[in-house]
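Shown next: target_28.cif, containing mmCIF, C-alpha atoms and all ligand atoms.
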```
data_model
loop_
_atom_site.group_PDB
_atom_site.id
_atom_site.type_symbol
_atom_site.label_atom_id
_atom_site.label_comp_id
_atom_site.auth_asym_id
_atom_site.auth_seq_id
_atom_site.Cartn_x
_atom_site.Cartn_y
_atom_site.Cartn_z
ATOM 1 C CA MET A 1 136.037 -27.742 61.775
ATOM 2 C CA LEU A 2 134.855 -26.856 58.274
ATOM 3 C CA ALA A 3 131.247 -27.990 57.984
ATOM 4 C CA SER A 4 129.828 -29.091 54.665
ATOM 5 C CA LEU A 5 126.235 -28.787 53.618
ATOM 6 C CA ARG A 6 124.504 -31.362 51.440
ATOM 7 C CA PHE A 7 120.938 -31.829 50.387
ATOM 8 C CA ALA A 8 119.457 -35.304 50.303
ATOM 9 C CA PRO A 9 117.026 -36.156 47.519
ATOM 10 C CA GLY A 10 113.410 -35.456 48.338
ATOM 11 C CA PRO A 11 110.634 -33.124 47.227
ATOM 12 C CA ARG A 12 110.951 -29.462 48.249
ATOM 13 C CA MET A 13 107.906 -28.633 50.352
ATOM 14 C CA SER A 14 108.140 -24.930 51.156
ATOM 15 C CA ALA A 15 104.866 -24.914 53.171
ATOM 16 C CA VAL A 16 106.179 -27.659 55.441
ATOM 17 C CA ARG A 17 107.497 -26.908 58.944
ATOM 18 C CA THR A 18 111.235 -27.351 59.470
ATOM 19 C CA ALA A 19 112.862 -29.114 62.429
ATOM 20 C CA VAL A 20 116.563 -29.416 63.277
ATOM 21 C CA VAL A 21 117.695 -32.591 65.045
ATOM 22 C CA THR A 22 121.331 -32.805 66.150
ATOM 23 C CA GLY A 23 123.283 -36.029 66.592
ATOM 24 C CA ALA A 24 120.928 -37.487 63.989
ATOM 25 C CA ALA A 25 123.249 -39.826 62.075
ATOM 26 C CA ARG A 26 122.169 -42.747 64.255
ATOM 27 C CA GLY A 27 120.516 -43.794 67.525
ATOM 28 C CA ILE A 28 117.963 -41.593 69.265
ATOM 29 C CA GLY A 29 118.594 -38.640 66.923
ATOM 30 C CA ALA A 30 117.930 -40.728 63.806
ATOM 31 C CA GLY A 31 114.761 -42.056 65.487
ATOM 32 C CA ILE A 32 113.566 -38.526 66.240
ATOM 33 C CA ALA A 33 114.368 -37.358 62.696
ATOM 34 C CA ALA A 34 112.461 -40.292 61.171
ATOM 35 C CA LYS A 35 109.417 -39.668 63.392
ATOM 36 C CA PHE A 36 109.286 -35.970 62.478
ATOM 37 C CA ALA A 37 109.709 -36.809 58.765
ATOM 38 C CA ARG A 38 106.841 -39.343 58.951
ATOM 39 C CA SER A 39 104.723 -36.558 60.463
ATOM 40 C CA GLY A 40 105.440 -34.346 57.447
ATOM 41 C CA TRP A 41 108.234 -32.135 58.782
ATOM 42 C CA HIS A 42 111.256 -31.141 56.677
ATOM 43 C CA VAL A 43 114.035 -32.389 58.943
ATOM 44 C CA VAL A 44 117.552 -30.972 59.027
ATOM 45 C CA LEU A 45 119.735 -33.766 60.392
ATOM 46 C CA ALA A 46 123.006 -32.444 61.854
ATOM 47 C CA ASP A 47 125.899 -34.616 62.978
ATOM 48 C CA LEU A 48 129.656 -34.668 63.321
ATOM 49 C CA SER A 49 129.672 -37.901 61.340
ATOM 50 C CA PRO A 50 129.451 -37.762 57.528
ATOM 51 C CA GLU A 51 127.079 -40.767 57.860
ATOM 52 C CA VAL A 52 124.365 -38.186 58.523
ATOM 53 C CA VAL A 53 124.062 -37.595 54.768
ATOM 54 C CA GLU A 54 123.177 -41.277 54.188
ATOM 55 C CA THR A 55 120.797 -41.279 57.165
ATOM 56 C CA ALA A 56 119.052 -38.190 55.755
ATOM 57 C CA SER A 57 118.753 -39.849 52.326
ATOM 58 C CA ALA A 58 117.411 -43.093 53.821
ATOM 59 C CA ILE A 59 114.768 -41.235 55.855
ATOM 60 C CA ALA A 60 113.752 -39.200 52.788
ATOM 61 C CA ALA A 61 113.411 -42.427 50.755
ATOM 62 C CA GLU A 62 111.404 -44.184 53.491
ATOM 63 C CA THR A 63 109.046 -41.311 54.345
ATOM 64 C CA GLY A 64 108.805 -39.263 51.141
ATOM 65 C CA ALA A 65 109.575 -36.152 53.240
ATOM 66 C CA ALA A 66 112.334 -33.693 52.418
ATOM 67 C CA THR A 67 115.451 -34.016 54.562
ATOM 68 C CA THR A 68 118.752 -32.172 54.700
ATOM 69 C CA GLY A 69 121.951 -33.653 56.079
ATOM 70 C CA VAL A 70 124.436 -31.197 57.564
ATOM 71 C CA VAL A 71 127.877 -32.414 58.630
ATOM 72 C CA SER A 72 128.623 -30.203 61.602
ATOM 73 C CA ASP A 73 130.098 -30.122 65.098
ATOM 74 C CA VAL A 74 127.452 -28.608 67.385
ATOM 75 C CA SER A 75 130.162 -27.410 69.755
ATOM 76 C CA SER A 76 131.868 -25.241 67.114
ATOM 77 C CA PRO A 77 130.942 -21.825 65.681
ATOM 78 C CA ASP A 78 131.251 -23.249 62.145
ATOM 79 C CA GLY A 79 128.836 -26.053 63.017
ATOM 80 C CA ALA A 80 126.215 -23.645 64.312
ATOM 81 C CA ALA A 81 126.699 -21.449 61.226
ATOM 82 C CA ALA A 82 126.194 -24.422 58.875
ATOM 83 C CA ILE A 83 122.920 -25.378 60.600
ATOM 84 C CA LEU A 84 121.733 -21.766 60.530
ATOM 85 C CA ALA A 85 122.531 -21.588 56.795
ATOM 86 C CA ALA A 86 120.380 -24.689 56.205
ATOM 87 C CA VAL A 87 117.318 -23.423 58.114
ATOM 88 C CA THR A 88 117.631 -19.972 56.541
ATOM 89 C CA GLU A 89 117.601 -21.566 53.081
ATOM 90 C CA ILE A 90 114.664 -23.897 53.840
ATOM 91 C CA GLY A 91 112.511 -21.502 55.931
ATOM 92 C CA ASP A 92 109.575 -21.999 58.333
ATOM 93 C CA PHE A 93 111.895 -23.101 61.144
ATOM 94 C CA ARG A 94 109.757 -24.313 64.075
ATOM 95 C CA ALA A 95 111.607 -26.899 66.160
ATOM 96 C CA LEU A 96 115.130 -27.544 67.429
ATOM 97 C CA VAL A 97 115.967 -30.846 69.135
ATOM 98 C CA ASN A 98 119.391 -30.716 70.832
ATOM 99 C CA ASN A 99 120.180 -34.436 70.940
ATOM 100 C CA ALA A 100 123.932 -34.711 70.121
ATOM 101 C CA GLY A 101 125.796 -36.067 73.118
ATOM 102 C CA ILE A 102 128.841 -38.081 74.122
ATOM 103 C CA THR A 103 130.098 -40.117 77.073
ATOM 104 C CA ARG A 104 133.709 -40.264 78.326
ATOM 105 C CA ASP A 105 133.232 -42.481 81.387
ATOM 106 C CA ALA A 106 135.787 -42.873 84.172
ATOM 107 C CA MET A 107 135.832 -42.990 87.963
ATOM 108 C CA ILE A 108 136.607 -39.634 89.582
ATOM 109 C CA LYS A 109 140.249 -40.428 90.317
ATOM 110 C CA LYS A 110 140.872 -41.441 86.714
ATOM 111 C CA MET A 111 138.843 -38.739 84.977
ATOM 112 C CA THR A 112 141.127 -36.812 82.604
ATOM 113 C CA PRO A 113 140.724 -33.096 81.957
ATOM 114 C CA GLU A 114 140.054 -34.000 78.305
ATOM 115 C CA ALA A 115 137.168 -36.320 79.236
ATOM 116 C CA PHE A 116 135.699 -33.702 81.561
ATOM 117 C CA THR A 117 136.000 -30.875 79.027
ATOM 118 C CA ALA A 118 134.766 -32.872 76.023
ATOM 119 C CA THR A 119 131.486 -33.996 77.631
ATOM 120 C CA ASN A 120 130.688 -30.502 78.808
ATOM 121 C CA ARG A 121 131.707 -28.902 75.507
ATOM 122 C CA VAL A 122 129.353 -31.157 73.504
ATOM 123 C CA ASN A 123 126.496 -32.020 75.915
ATOM 124 C CA LEU A 124 126.057 -28.589 77.461
ATOM 125 C CA GLY A 125 128.100 -26.245 75.266
ATOM 126 C CA GLY A 126 126.470 -27.604 72.093
ATOM 127 C CA PRO A 127 122.861 -26.778 73.082
ATOM 128 C CA ILE A 128 123.929 -23.412 74.544
ATOM 129 C CA ARG A 129 125.744 -22.491 71.336
ATOM 130 C CA LEU A 130 122.959 -23.669 69.012
ATOM 131 C CA ASN A 131 120.144 -22.096 70.989
ATOM 132 C CA ALA A 132 122.022 -18.790 71.080
ATOM 133 C CA ALA A 133 122.533 -18.944 67.311
ATOM 134 C CA LEU A 134 119.136 -20.332 66.287
ATOM 135 C CA ALA A 135 116.428 -19.361 68.821
ATOM 136 C CA GLU A 136 115.821 -15.935 67.309
ATOM 137 C CA HIS A 137 115.272 -17.603 63.917
ATOM 138 C CA LEU A 138 112.518 -19.903 65.235
ATOM 139 C CA ALA A 139 109.031 -18.857 64.154
ATOM 140 C CA ASP A 140 106.641 -17.583 66.847
ATOM 141 C CA GLY A 141 105.284 -20.593 68.743
ATOM 142 C CA GLY A 142 108.444 -22.582 67.969
ATOM 143 C CA THR A 143 109.895 -25.129 70.380
ATOM 144 C CA ILE A 144 113.252 -26.313 71.691
ATOM 145 C CA VAL A 145 113.780 -29.777 73.189
ATOM 146 C CA ASN A 146 117.035 -30.558 75.011
ATOM 147 C CA ILE A 147 117.908 -34.241 75.456
ATOM 148 C CA SER A 148 119.291 -34.745 78.969
ATOM 149 C CA SER A 149 119.643 -38.115 80.735
ATOM 150 C CA LYS A 150 118.545 -40.145 83.740
ATOM 151 C CA SER A 151 122.263 -39.959 84.629
ATOM 152 C CA SER A 152 121.717 -36.275 85.494
ATOM 153 C CA GLN A 153 120.605 -37.680 88.875
ATOM 154 C CA GLY A 154 124.078 -39.185 89.318
ATOM 155 C CA ASN A 155 125.757 -42.353 88.084
ATOM 156 C CA VAL A 156 128.922 -44.251 88.929
ATOM 157 C CA GLY A 157 131.801 -43.481 86.553
ATOM 158 C CA GLN A 158 129.907 -40.657 84.898
ATOM 159 C CA PHE A 159 130.355 -37.537 87.012
ATOM 160 C CA ASN A 160 131.385 -35.537 83.922
ATOM 161 C CA TYR A 161 128.339 -36.751 81.948
ATOM 162 C CA ALA A 162 126.000 -36.341 84.962
ATOM 163 C CA LEU A 163 127.262 -32.813 85.461
ATOM 164 C CA SER A 164 126.725 -31.869 81.816
ATOM 165 C CA LYS A 165 123.227 -33.397 81.692
ATOM 166 C CA ALA A 166 122.179 -31.898 85.058
ATOM 167 C CA GLY A 167 123.456 -28.528 83.845
ATOM 168 C CA LEU A 168 121.271 -28.926 80.782
ATOM 169 C CA LEU A 169 118.193 -29.156 83.030
ATOM 170 C CA GLY A 170 118.921 -25.892 84.868
ATOM 171 C CA TYR A 171 119.727 -24.279 81.542
ATOM 172 C CA THR A 172 116.430 -25.561 80.057
ATOM 173 C CA ARG A 173 114.374 -24.062 82.884
ATOM 174 C CA ALA A 174 116.184 -20.700 82.676
ATOM 175 C CA LEU A 175 115.916 -20.547 78.875
ATOM 176 C CA ALA A 176 112.198 -21.414 79.019
ATOM 177 C CA ILE A 177 111.567 -18.350 81.169
ATOM 178 C CA GLU A 178 113.818 -16.158 79.029
ATOM 179 C CA LEU A 179 112.259 -17.152 75.697
ATOM 180 C CA ALA A 180 108.621 -17.196 76.892
ATOM 181 C CA PRO A 181 106.046 -16.507 75.643
ATOM 182 C CA ARG A 182 107.379 -16.741 72.067
ATOM 183 C CA ILE A 183 109.259 -20.064 72.290
ATOM 184 C CA ARG A 184 108.672 -23.125 74.525
ATOM 185 C CA VAL A 185 111.713 -24.995 75.882
ATOM 186 C CA ASN A 186 111.580 -28.448 77.503
ATOM 187 C CA ALA A 187 113.890 -31.367 78.240
ATOM 188 C CA ILE A 188 113.582 -35.120 77.944
ATOM 189 C CA SER A 189 115.485 -37.292 80.381
ATOM 190 C CA PRO A 190 115.826 -40.731 78.762
ATOM 191 C CA GLY A 191 116.636 -43.829 80.773
ATOM 192 C CA PHE A 192 118.296 -46.871 79.202
ATOM 193 C CA ILE A 193 117.648 -46.685 75.447
ATOM 194 C CA ALA A 194 118.896 -49.301 72.969
ATOM 195 C CA THR A 195 121.527 -47.505 70.840
ATOM 196 C CA GLU A 196 125.237 -47.759 70.035
ATOM 197 C CA MET A 197 125.931 -45.628 73.135
ATOM 198 C CA THR A 198 124.418 -48.277 75.420
ATOM 199 C CA ASP A 199 125.757 -51.178 73.305
ATOM 200 C CA ALA A 200 129.159 -50.120 74.664
ATOM 201 C CA ILE A 201 128.106 -50.907 78.276
ATOM 202 C CA PRO A 202 129.658 -54.170 79.588
ATOM 203 C CA ASP A 203 127.164 -57.082 79.926
ATOM 204 C CA GLU A 204 127.268 -57.301 83.736
ATOM 205 C CA LEU A 205 126.478 -53.609 84.171
ATOM 206 C CA ARG A 206 123.814 -53.751 81.438
ATOM 207 C CA ASN A 207 122.001 -56.646 83.177
ATOM 208 C CA ASN A 208 122.233 -54.779 86.456
ATOM 209 C CA ILE A 209 120.571 -51.713 84.906
ATOM 210 C CA LEU A 210 117.893 -53.759 83.120
ATOM 211 C CA ALA A 211 116.935 -55.440 86.425
ATOM 212 C CA ARG A 212 116.115 -51.994 87.868
ATOM 213 C CA ILE A 213 113.721 -50.883 85.106
ATOM 214 C CA PRO A 214 110.066 -51.255 86.209
ATOM 215 C CA LEU A 215 108.934 -51.779 82.594
ATOM 216 C CA ALA A 216 111.598 -54.532 82.394
ATOM 217 C CA ARG A 217 113.161 -53.644 79.023
ATOM 218 C CA PRO A 218 115.311 -51.012 77.341
ATOM 219 C CA GLY A 219 113.491 -48.137 75.654
ATOM 220 C CA GLN A 220 113.613 -47.643 71.886
ATOM 221 C CA PRO A 221 114.680 -44.445 70.076
ATOM 222 C CA SER A 222 111.147 -44.227 68.650
ATOM 223 C CA GLU A 223 109.775 -43.943 72.209
ATOM 224 C CA ILE A 224 111.928 -40.852 72.848
ATOM 225 C CA ALA A 225 110.894 -39.556 69.421
ATOM 226 C CA ASP A 226 107.188 -39.812 70.318
ATOM 227 C CA VAL A 227 107.712 -37.524 73.312
ATOM 228 C CA ALA A 228 109.923 -35.096 71.348
ATOM 229 C CA LEU A 229 107.253 -34.844 68.633
ATOM 230 C CA TRP A 230 104.570 -34.225 71.272
ATOM 231 C CA LEU A 231 106.681 -31.483 72.868
ATOM 232 C CA CYS A 232 107.008 -29.821 69.440
ATOM 233 C CA SER A 233 103.268 -30.010 68.745
ATOM 234 C CA GLU A 234 100.237 -27.918 69.659
ATOM 235 C CA ALA A 235 99.145 -30.793 71.923
ATOM 236 C CA SER A 236 101.733 -29.587 74.491
ATOM 237 C CA SER A 237 101.004 -25.859 74.025
ATOM 238 C CA TYR A 238 100.921 -25.085 77.798
ATOM 239 C CA VAL A 239 104.084 -27.045 78.638
ATOM 240 C CA THR A 240 107.373 -25.168 78.996
ATOM 241 C CA GLY A 241 110.404 -25.381 81.301
ATOM 242 C CA GLN A 242 109.632 -29.036 82.091
ATOM 243 C CA VAL A 243 111.659 -32.240 82.225
ATOM 244 C CA LEU A 244 109.980 -35.445 81.090
ATOM 245 C CA GLY A 245 111.545 -38.683 82.285
ATOM 246 C CA VAL A 246 111.215 -41.356 79.585
ATOM 247 C CA CYS A 247 112.851 -44.190 81.442
ATOM 248 C CA GLY A 248 110.403 -47.065 81.855
ATOM 249 C CA GLY A 249 109.529 -45.929 85.366
ATOM 250 C CA ARG A 250 113.112 -45.808 86.664
ATOM 251 C CA THR A 251 112.790 -42.159 87.756
ATOM 252 C CA TYR A 252 113.544 -42.693 91.438
ATOM 253 C CA ALA A 253 115.413 -46.001 91.260
ATOM 254 C CA PRO A 254 119.244 -45.750 91.116
HETATM 255 N N1 LIG A 301 121.134 -44.270 74.743
HETATM 256 C C1 LIG A 301 120.745 -43.988 75.986
HETATM 257 O O1 LIG A 301 120.418 -44.886 76.785
HETATM 258 C C2 LIG A 301 120.651 -42.564 76.445
HETATM 259 C C3 LIG A 301 120.148 -42.334 77.723
HETATM 260 C C4 LIG A 301 120.027 -41.035 78.187
HETATM 261 C C5 LIG A 301 120.407 -39.989 77.375
HETATM 262 N N2 LIG A 301 120.909 -40.233 76.135
HETATM 263 C C6 LIG A 301 121.286 -39.062 75.336
HETATM 264 O O2 LIG A 301 120.591 -39.119 74.100
HETATM 265 C C7 LIG A 301 121.394 -38.521 73.076
HETATM 266 C C8 LIG A 301 121.582 -39.519 71.942
HETATM 267 O O3 LIG A 301 122.165 -40.692 72.466
HETATM 268 P P1 LIG A 301 122.414 -42.013 71.574
HETATM 269 O O4 LIG A 301 122.316 -43.159 72.481
HETATM 270 O O5 LIG A 301 121.590 -41.971 70.334
HETATM 271 O O6 LIG A 301 123.971 -41.795 71.221
HETATM 272 P P2 LIG A 301 124.821 -42.292 69.967
HETATM 273 O O7 LIG A 301 126.245 -42.286 70.433
HETATM 274 O O8 LIG A 301 124.275 -43.546 69.390
HETATM 275 O O9 LIG A 301 124.599 -41.102 68.917
HETATM 276 C C9 LIG A 301 125.046 -39.798 69.205
HETATM 277 C C10 LIG A 301 125.223 -39.046 67.904
HETATM 278 O O10 LIG A 301 125.704 -37.740 68.228
HETATM 279 C C11 LIG A 301 126.743 -37.414 67.325
HETATM 280 N N3 LIG A 301 127.635 -36.421 67.896
HETATM 281 C C12 LIG A 301 128.533 -36.597 68.888
HETATM 282 N N4 LIG A 301 129.200 -35.453 69.090
HETATM 283 C C13 LIG A 301 128.723 -34.542 68.235
HETATM 284 C C14 LIG A 301 129.018 -33.173 67.965
HETATM 285 N N5 LIG A 301 129.982 -32.517 68.628
HETATM 286 N N6 LIG A 301 128.323 -32.532 66.991
HETATM 287 C C15 LIG A 301 127.373 -33.187 66.298
HETATM 288 N N7 LIG A 301 127.054 -34.481 66.494
HETATM 289 C C16 LIG A 301 127.722 -35.142 67.459
HETATM 290 C C17 LIG A 301 127.450 -38.732 67.051
HETATM 291 O O11 LIG A 301 128.213 -38.675 65.849
HETATM 292 C C18 LIG A 301 126.275 -39.693 66.981
HETATM 293 O O12 LIG A 301 125.757 -39.810 65.675
HETATM 294 C C19 LIG A 301 122.702 -38.113 73.752
HETATM 295 O O13 LIG A 301 122.633 -36.758 74.137
HETATM 296 C C20 LIG A 301 122.748 -39.003 74.979
HETATM 297 O O14 LIG A 301 123.524 -38.434 76.010
HETATM 298 C C21 LIG A 301 121.051 -41.494 75.664
#
```

How does this structure look as structure tokens?
Amino acid sequence: MLASLRFAPGPRMSAVRTAVVTGAARGIGAGIAAKFARSGWHVVLADLSPEVVETASAIAAETGAATTGVVSDVSSPDGAAAILAAVTEIGDFRALVNNAGITRDAMIKKMTPEAFTATNRVNLGGPIRLNAALAEHLADGGTIVNISSKSSQGNVGQFNYALSKAGLLGYTRALAIELAPRIRVNAISPGFIATEMTDAIPDELRNNILARIPLARPGQPSEIADVALWLCSEASSYVTGQVLGVCGGRTYAP
């Protein structure tokens, strides 16, 4: 896919730290991008969807921070190259949040090869490709955050997704050791978060999940963003190779 690069309006702030957030056109990624922008970061929002350019502009208008929208597929070489071009142009690259992800749910007997391959290509292949292309360009002390899922522990109708997100955890731990001490690498494992991805869940299943959350409500993208921002800050300077469950206490419940 040919990726295009666009710059949203906003002041250029060359002394400002730069963060890349993938899958940032909407949902959790947009929440993370907005939180980083409010904290003064220049955020590069990357997404397959051209809507990312409008999201980047809206965040720039709301926060006064500089943002850059990059239309790119994180699972393609061109996508990685477009994101690298953006951070090279902006400079002071300090954080990469691998958030882009997809679901292609089906029970095992009905799982198509396409659904199996697509989830792994994006959810696991995307972070692997981007980290390989971008990690060496992170400044010393930079951080990587991979967004996994509570479903990495297993979920009905999601063996492809569970596999990709569980793989991301092993990959996170291995990469943390490999990139230490220069770069810290951690993962967040969100539970049920209110986004378009979970809007697609049928009502009966949704109510069933909600009943099993100790904090008795869905999480918000901003609550994942708070943890991502912490993991990319000095406040977490001795934390690497870890997985943080942000799931309203549902860690050990099915
Ligand atoms: N919503 C939840 O409850 C929940 C729970 C656990 C984990 N997660 C994970 O959090 C992340 C964000 O989830 P969400 O709920 O915001 O999803 P979402 O579907 O609302 O948004 C995902 C974004 O990723 C983008 N995207 C998809 N494929 C891409 C690709 N190849 N390249 C670039 N961008 C791509 C989409 O265009 C979309 O904007 C995903 O990795 C998801 O697996 C979500």

**Message:** Around ligand LIG 301 (chain A), which protein and nucleic acid residues have at least one atom no more than 7 Å from it, if we count all atoms listed in the file? List them as number ranges by chain.
**Reply:** A: 22-29, 46-49, 72-75, 99-103, 122-123, 126, 147-151, 189-198

**Item:** Residue members of the PyMOL selection byres (((chain A and resi 249) around 7) and not hetatm) in the file shown, as a ChimeraX atom specification
**Value:** /A:213-215,247-248,250-251

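Distances here use all atoms listed in the file; by that measure, the residue among A:Ala176, A:Ala56, A:Ala253, A:Ala65 closest to Ser39 of chain A is A:Ala65.
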
Sorted by chain and rising residue number, list the residues of segment 24-77 of chain A at most 9 Å from segment 82-90 of chain A (counting only C-alpha atoms), each with its closest atom pair and distance in Å to one decimal, as a tab-separated table.
```
residue	atom	partner	partner_atom	distance
A:His42	CA	A:Ile90	CA	8.5
A:Val44	CA	A:Ala86	CA	7.4
A:Leu45	CA	A:Ile83	CA	9.0
A:Ala46	CA	A:Ile83	CA	7.2
A:Thr68	CA	A:Ala86	CA	7.8
A:Val70	CA	A:Ile83	CA	6.7
A:Val71	CA	A:Ala82	CA	8.2
A:Ser72	CA	A:Ala82	CA	6.8
A:Val74	CA	A:Ile83	CA	8.8
A:Pro77	CA	A:Ala82	CA	8.7
```

**Request:** Output the residue selection produced by the PyMOL selection byres (((chain A and resi 234) around 12) and not hetatm) on the file above, formatted as a ChimeraX atom specification.
**Result:** /A:94-95,141-143,184,229-233,235-239

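Of the listed residues (A:Arg17, A:Arg217, A:Lys165, A:Arg182), A:Lys165 comes nearest to Gly125 of chain A; the distances count only C-alpha atoms.
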
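Nearest to Gln153 of chain A of all the residues A:Asp226, A:Ala166, A:Gly79, A:Arg173 is A:Ala166, based on only C-alpha atoms.
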
**Asked** Taking only C-alpha atoms into account, which of A:Val243, A:Ala60, A:Met111, A:Ile224 comes nearest Arg38 of chain A?
**Response** A:Ala60

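The list of residues with at least one atom within 9 Å of Ser222 of chain A, based on all atoms listed in the file and without residues fewer than 4 positions apart in the same chain, reads Ile28, Gly31, Ile32, Ala34, Lys35, Asp226 and Val227 of chain A.
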
**Request:** Would you be able to write out as a VMD selection string which residues have an atom within 7 Å of (116.0, -30.9, 67.3) in the file's coordinates, counting only C-alpha atoms?
**Result:** chain A and resid 19 to 22 95 to 99 144 to 145

**Request:** Please evaluate the PyMOL selection byres (((chain A and resi 119) around 7) and not hetatm) against the displayed coordinates and give the resulting residues as number ranges by chain.
**Result:** A: 102-104, 115-118, 120-123, 160-161, 164
